[in-house]
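Enquirer: Provided herewith: start39.txt, compact mmCIF, C-alpha atoms.
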# COMPACT_ATOMS: atom_id res chain seq x y z
CA MET D 12 -6.35 -15.41 1.35
CA ASP D 13 -8.34 -15.73 4.55
CA ILE D 14 -7.82 -12.81 6.92
CA GLU D 15 -8.94 -14.61 10.06
CA ASP D 16 -5.90 -15.81 12.03
CA ALA D 17 -3.52 -14.32 9.43
CA GLY D 18 -0.35 -12.75 10.80
CA VAL D 19 -0.36 -9.07 9.80
CA ILE D 20 2.14 -6.27 10.31
CA VAL D 21 1.19 -2.64 9.71
CA THR D 22 3.95 -0.04 9.62
CA GLY D 23 3.04 3.43 10.75
CA GLY D 24 0.22 1.58 12.42
CA ALA D 25 -0.26 3.87 15.42
CA SER D 26 -1.96 6.76 13.61
CA GLY D 27 -3.82 7.82 10.49
CA LEU D 28 -4.25 5.30 7.69
CA GLY D 29 -2.09 2.76 9.47
CA ALA D 30 -4.15 2.88 12.65
CA ALA D 31 -7.40 2.39 10.73
CA THR D 32 -5.83 -0.54 8.88
CA ALA D 33 -4.58 -2.18 12.05
CA GLN D 34 -8.02 -1.80 13.62
CA ALA D 35 -9.76 -3.29 10.57
CA PHE D 36 -7.56 -6.37 10.48
CA VAL D 37 -7.94 -6.93 14.23
CA ASP D 38 -11.72 -6.68 13.81
CA ALA D 39 -11.50 -9.29 11.03
CA GLY D 40 -9.77 -11.75 13.34
CA ALA D 41 -6.17 -11.30 12.22
CA ARG D 42 -3.15 -11.38 14.53
CA VAL D 43 -1.82 -7.85 14.11
CA THR D 44 1.49 -6.33 15.11
CA VAL D 45 1.72 -2.55 14.90
CA PHE D 46 5.13 -1.26 13.80
CA ASP D 47 5.73 2.39 14.68
CA LEU D 48 8.70 4.56 15.55
CA ASP D 49 6.72 6.34 18.25
CA PRO D 50 6.73 4.29 21.48
CA LYS D 51 3.35 5.82 22.32
CA GLY D 52 1.96 3.46 19.70
CA ALA D 53 2.09 0.70 22.30
CA ALA D 54 -0.97 2.17 24.05
CA PHE D 55 -2.95 2.24 20.81
CA ALA D 56 -1.97 -1.34 19.97
CA ALA D 57 -3.02 -2.55 23.41
CA LYS D 58 -6.33 -0.71 23.07
CA ILE D 59 -7.30 -2.49 19.85
CA GLY D 60 -5.93 -5.89 20.83
CA ALA D 61 -2.78 -5.84 18.72
CA ASP D 62 0.89 -6.35 19.55
CA PHE D 63 3.41 -3.53 19.23
CA ALA D 64 6.99 -3.24 18.07
CA GLN D 65 8.95 -0.02 18.03
CA VAL D 66 10.46 -0.09 14.55
CA ASP D 67 12.50 2.26 12.39
CA VAL D 68 11.57 1.18 8.86
CA THR D 69 14.86 2.51 7.46
CA ASP D 70 16.94 0.26 9.72
CA ALA D 71 17.24 -3.41 8.77
CA ALA D 72 18.10 -4.60 12.28
CA SER D 73 15.11 -2.75 13.72
CA VAL D 74 12.76 -4.28 11.16
CA GLN D 75 14.17 -7.76 11.72
CA ALA D 76 13.63 -7.39 15.46
CA GLY D 77 10.02 -6.35 14.84
CA LEU D 78 9.48 -9.32 12.56
CA ASP D 79 10.96 -11.63 15.19
CA GLN D 80 8.40 -10.29 17.63
CA ALA D 81 5.54 -10.68 15.14
CA ARG D 82 6.59 -14.27 14.36
CA ALA D 83 4.65 -15.92 11.51
CA ILE D 84 3.27 -13.35 9.07
CA SER D 85 1.46 -13.53 5.76
CA VAL D 86 0.46 -9.87 5.26
CA ALA D 87 2.54 -6.69 5.40
CA VAL D 88 0.90 -3.28 4.97
CA ASN D 89 3.35 -0.40 4.64
CA CYS D 90 1.79 2.86 5.85
CA ALA D 91 4.82 4.50 7.47
CA GLY D 92 5.83 7.72 5.76
CA ILE D 93 6.58 11.41 6.05
CA ALA D 94 5.46 14.46 4.10
CA ILE D 95 7.57 17.51 3.43
CA ALA D 96 6.80 20.72 1.56
CA GLU D 97 9.74 22.38 -0.15
CA LYS D 98 10.13 23.89 -3.61
CA THR D 99 12.93 22.92 -5.94
CA LEU D 100 14.03 26.54 -5.87
CA GLY D 101 12.52 28.67 -3.14
CA ARG D 102 13.07 32.08 -1.59
CA ASP D 103 15.90 30.71 0.52
CA GLY D 104 17.61 28.93 -2.36
CA PRO D 105 17.63 25.39 -3.76
CA HIS D 106 15.74 22.51 -2.18
CA ALA D 107 17.86 20.99 0.59
CA GLN D 108 19.38 17.74 -0.56
CA SER D 109 19.07 16.37 2.97
CA SER D 110 15.29 16.79 3.11
CA PHE D 111 14.86 15.22 -0.33
CA GLN D 112 17.03 12.30 0.77
CA ASN D 113 15.09 11.93 4.01
CA ALA D 114 11.75 11.70 2.17
CA VAL D 115 13.12 9.03 -0.16
CA ASP D 116 14.82 7.15 2.69
CA VAL D 117 11.67 6.90 4.79
CA ASN D 118 8.92 6.65 2.18
CA LEU D 119 10.58 4.61 -0.55
CA CYS D 120 13.62 2.89 0.92
CA GLY D 121 11.81 2.21 4.19
CA THR D 122 8.92 0.63 2.33
CA PHE D 123 11.25 -1.55 0.29
CA ASN D 124 13.24 -2.49 3.38
CA VAL D 125 10.16 -3.79 5.18
CA ALA D 126 8.80 -5.47 2.05
CA ARG D 127 11.99 -7.40 1.28
CA LEU D 128 12.47 -8.56 4.86
CA ALA D 129 8.80 -9.43 5.36
CA ALA D 130 8.78 -11.43 2.12
CA ALA D 131 11.57 -13.61 3.49
CA ARG D 132 9.32 -14.50 6.45
CA MET D 133 6.27 -15.43 4.37
CA MET D 134 6.85 -19.15 4.20
CA SER D 135 3.49 -20.10 2.64
CA GLY D 136 2.83 -17.12 0.42
CA GLY D 137 1.43 -13.76 1.36
CA VAL D 138 0.46 -10.24 0.42
CA ILE D 139 2.43 -6.99 0.55
CA ILE D 140 0.52 -3.71 0.31
CA ASN D 141 2.49 -0.48 -0.10
CA THR D 142 1.14 3.05 0.24
CA ALA D 143 1.78 5.39 -2.68
CA SER D 144 -0.18 8.63 -3.21
CA VAL D 145 -1.99 10.52 -5.93
CA ALA D 146 1.03 12.82 -5.69
CA ALA D 147 2.91 10.09 -7.53
CA PHE D 148 0.88 11.02 -10.62
CA ASP D 149 -0.09 14.70 -10.16
CA GLY D 150 2.13 16.17 -7.48
CA GLN D 151 1.77 19.77 -6.39
CA LYS D 152 4.20 22.64 -5.94
CA GLY D 153 6.54 21.86 -3.11
CA GLN D 154 6.06 18.11 -3.48
CA ALA D 155 9.10 17.19 -5.57
CA ALA D 156 10.56 14.99 -2.82
CA TYR D 157 7.26 13.53 -1.63
CA ALA D 158 5.94 12.86 -5.14
CA ALA D 159 9.21 11.26 -6.23
CA SER D 160 9.22 8.93 -3.22
CA LYS D 161 5.59 7.92 -3.80
CA ALA D 162 6.11 7.46 -7.54
CA GLY D 163 8.88 5.03 -6.64
CA ILE D 164 6.42 3.03 -4.55
CA ALA D 165 3.99 2.86 -7.46
CA GLY D 166 6.85 1.69 -9.65
CA LEU D 167 7.69 -1.12 -7.24
CA SER D 168 4.40 -2.93 -7.63
CA LEU D 169 4.91 -4.83 -10.88
CA PRO D 170 8.60 -5.78 -10.70
CA MET D 171 8.29 -6.82 -7.06
CA ALA D 172 5.19 -8.88 -7.88
CA ARG D 173 7.13 -10.58 -10.67
CA ASP D 174 10.10 -11.22 -8.38
CA LEU D 175 7.92 -12.78 -5.69
CA ALA D 176 5.51 -14.77 -7.87
CA ARG D 177 7.45 -17.99 -7.39
CA ASN D 178 7.11 -17.48 -3.62
CA GLY D 179 3.33 -17.12 -3.86
CA ILE D 180 3.46 -13.49 -2.71
CA ARG D 181 1.28 -10.81 -4.25
CA VAL D 182 2.29 -7.13 -4.22
CA MET D 183 -0.09 -4.20 -4.50
CA ALA D 184 -0.03 -0.47 -3.85
CA ILE D 185 -2.78 1.96 -2.85
CA ALA D 186 -2.53 5.59 -3.93
CA PRO D 187 -4.80 7.52 -1.57
CA GLY D 188 -6.05 11.00 -2.32
CA ILE D 189 -6.84 13.48 0.44
CA PHE D 190 -7.78 11.63 3.60
CA ARG D 191 -8.97 12.90 6.95
CA THR D 192 -5.99 12.05 9.14
CA PRO D 193 -4.72 13.75 12.32
CA MET D 194 -2.02 15.50 10.29
CA LEU D 195 -4.62 17.02 7.97
CA GLU D 196 -7.01 17.90 10.80
CA ASN D 197 -4.28 20.09 12.28
CA LEU D 198 -4.70 22.41 9.29
CA GLY D 199 -8.20 23.39 10.45
CA GLN D 200 -11.72 22.88 9.14
CA GLU D 201 -11.61 25.73 6.61
CA ILE D 202 -8.61 24.29 4.81
CA MET D 203 -10.05 20.78 4.91
CA ASP D 204 -13.30 22.05 3.40
CA GLY D 205 -11.35 23.70 0.60
CA LEU D 206 -9.47 20.50 -0.16
CA ALA D 207 -12.67 18.46 -0.11
CA ALA D 208 -14.24 20.79 -2.68
CA ASP D 209 -11.68 19.62 -5.27
CA VAL D 210 -12.82 15.99 -5.01
CA THR D 211 -15.08 15.00 -7.89
CA PHE D 212 -17.45 12.64 -6.04
CA PRO D 213 -18.11 12.18 -3.24
CA ALA D 214 -17.00 15.77 -2.50
CA ARG D 215 -15.40 15.06 0.85
CA LEU D 216 -12.17 13.89 2.39
CA GLY D 217 -11.48 10.19 2.43
CA ASP D 218 -12.15 8.22 5.59
CA PRO D 219 -9.16 6.14 6.79
CA ALA D 220 -11.62 3.27 7.26
CA GLU D 221 -12.09 3.27 3.46
CA PHE D 222 -8.35 2.81 2.97
CA ALA D 223 -8.46 -0.05 5.46
CA ALA D 224 -11.41 -1.63 3.66
CA LEU D 225 -9.48 -1.61 0.39
CA ALA D 226 -6.45 -3.17 2.08
CA LYS D 227 -8.66 -5.96 3.40
CA PHE D 228 -10.21 -6.49 -0.04
CA ILE D 229 -6.78 -6.73 -1.65
CA VAL D 230 -5.80 -9.46 0.79
CA SER D 231 -9.02 -11.39 0.19
CA CYS D 232 -9.01 -11.08 -3.63
CA ASP D 233 -6.34 -13.43 -4.92
CA TYR D 234 -6.35 -12.05 -8.46
CA LEU D 235 -5.23 -8.57 -7.49
CA ASN D 236 -1.51 -8.31 -8.08
CA GLY D 237 1.20 -6.01 -9.41
CA THR D 238 -0.66 -2.73 -9.72
CA THR D 239 -1.52 0.52 -7.96
CA ILE D 240 -5.13 1.43 -7.12
CA ARG D 241 -6.06 5.10 -6.81
CA LEU D 242 -8.44 5.70 -3.92
CA ASP D 243 -9.35 9.32 -4.43
CA GLY D 244 -12.99 10.01 -5.39
CA ALA D 245 -11.79 10.77 -8.95
CA LEU D 246 -9.62 13.62 -7.66
CA ARG D 247 -7.07 14.94 -10.12
CA MET D 248 -4.93 17.56 -8.46
CA PRO D 249 -4.83 20.84 -10.41
Would you write out, as structure tokens, the structure that this file holds?
Expert:
Amino acid sequence: MDIEDAGVIVTGGASGLGAATAQAFVDAGARVTVFDLDPKGAAFAAKIGADFAQVDVTDAASVQAGLDQARAISVAVNCAGIAIAEKTLGRDGPHAQSSFQNAVDVNLCGTFNVARLAAARMMSGGVIINTASVAAFDGQKGQAAYAASKAGIAGLSLPMARDLARNGIRVMAIAPGIFRTPMLENLGQEIMDGLAADVTFPARLGDPAEFAALAKFIVSCDYLNGTTIRLDGALRMP
């Protein structure tokens, strides 16, 4: 698929991996609409030459309104998500059911909600890219909710691709490792250096621009479909 002039939506597109992806598609000549819950995302979208829609990915009416604003689309990149850290059984007792449910609602159900509604707008075929995580395969302590939600995204790739084949829509997922995002930078340089040391090669944090480059390649390579690509420098979490 040609990226130039393609209609693209990027959820969670005002920061981190989503922001880099939105920027990359704008630079490639696509018509991009940034979906983000934070209204401050409008300033970022205007800065890069994209449109903006304030969207709650868990709410069907909100997503439909965003899609109405975006008009004709052929690419949907789902980057919206949350991360929580909570053990199944911690010092204060069992994992809160509400926080587990929230992680699944936003990361998994929100992704599916956008994907299903976006697919209905792709009249001449398209591409859906969902964001999983290496935590889907080797989650850490305190990541039961996050890993489960991301494993669900990885599991969506093949059945959704099979469902949408007759509509000419491809479905892929990217499972990023440890990337240098604003959320991670808040932990401080010492912690980031420690995390980078676990990466096999290159021994550094991922650059959001590398995630964006892979998303662009997926769109341009018509034979990529129904699978999850790890983007992690051969990192396997201990």
Enquirer: At a cut-off of 8 Å, using only C-alpha atoms, what residues contact range 37-42 of chain D? Leave out same-chain residues fewer than 5 positions from it and give the result as an mmCIF file with C-alpha atoms, in the frame of the given file.
Expert:
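File written: around32.cif
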data_model
loop_
_atom_site.group_PDB
_atom_site.id
_atom_site.type_symbol
_atom_site.label_atom_id
_atom_site.label_comp_id
_atom_site.auth_asym_id
_atom_site.auth_seq_id
_atom_site.Cartn_x
_atom_site.Cartn_y
_atom_site.Cartn_z
ATOM 1 C CA ILE D 14 -7.820 -12.810 6.920
ATOM 2 C CA GLU D 15 -8.940 -14.610 10.060
ATOM 3 C CA ASP D 16 -5.900 -15.810 12.030
ATOM 4 C CA ALA D 17 -3.520 -14.320 9.430
ATOM 5 C CA GLY D 18 -0.350 -12.750 10.800
ATOM 6 C CA VAL D 19 -0.360 -9.070 9.800
ATOM 7 C CA ILE D 59 -7.300 -2.490 19.850
ATOM 8 C CA GLY D 60 -5.930 -5.890 20.830
ATOM 9 C CA ALA D 61 -2.780 -5.840 18.720
#
Enquirer: So which residues are close to (12.9, 4.5, 4.0), meaning at most 10 Å away in the file's coordinates with all atoms listed in the file counted, and can you show them as number ranges by chain?
Expert: D: 67-70, 91-93, 112-125, 160
Enquirer: D:Ile185, D:Ala33, D:Ile164, D:Ala214: which is nearest Ile240 in chain D, counting only C-alpha atoms?
Expert: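 Using only C-alpha atoms, the shortest distance to Ile240 in chain D belongs to D:Ile185.
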Enquirer: Which distance in Å separates CA of Met203 in chain D and CA of Ser26 in chain D, to one decimal?
Expert: 18.4 Å
Enquirer: Counting only C-alpha atoms, which residue out of D:Gln75, D:Ser135, D:Asn236, D:Ser231 sits closest to Arg181 in chain D?
Expert: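 Checking each of D:Gln75, D:Ser135, D:Asn236, D:Ser231 against Arg181 in chain D, counting only C-alpha atoms, the winner is D:Asn236.
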Enquirer: Within 7 Å of (8.8, -9.8, 10.2) (file coordinates; all atoms listed in the file), which protein or nucleic acid residues are there? I'd like them as a PDB file with C-alpha atoms, in the coordinates of the input.
Expert:
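Below you can see result30.pdb, which holds the result:
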ATOM      1  CA  VAL D  74      12.760  -4.280  11.160  1.00  0.00           C
ATOM      2  CA  GLN D  75      14.170  -7.760  11.720  1.00  0.00           C
ATOM      3  CA  GLY D  77      10.020  -6.350  14.840  1.00  0.00           C
ATOM      4  CA  LEU D  78       9.480  -9.320  12.560  1.00  0.00           C
ATOM      5  CA  ASP D  79      10.960 -11.630  15.190  1.00  0.00           C
ATOM      6  CA  ALA D  81       5.540 -10.680  15.140  1.00  0.00           C
ATOM      7  CA  ARG D  82       6.590 -14.270  14.360  1.00  0.00           C
ATOM      8  CA  ILE D  84       3.270 -13.350   9.070  1.00  0.00           C
ATOM      9  CA  LEU D 128      12.470  -8.560   4.860  1.00  0.00           C
ATOM     10  CA  ALA D 129       8.800  -9.430   5.360  1.00  0.00           C
ATOM     11  CA  ARG D 132       9.320 -14.500   6.450  1.00  0.00           C
TER      12      ARG D 132
END
Enquirer: If I take CA of Gly101 in chain D and CA of Gln154 in chain D, how far is one from the other in Å, to one decimal?
Expert: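 Between these atoms lies a distance of 12.4 Å.
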Enquirer: Quick one, how far is CA of Gly179 in chain D from CA of Ala83 in chain D?
Expert: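 Spanning CA of Gly179 in chain D to CA of Ala83 in chain D is a straight-line distance of 15.5 Å.
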Enquirer: Restricting the calculation to all atoms listed in the file, which member of D:Thr22, D:Ser144, D:Gln80, D:Thr192 is positioned closest to Leu48 in chain D?
Expert: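 Using all atoms listed in the file, Leu48 in chain D sits closest to D:Thr22.
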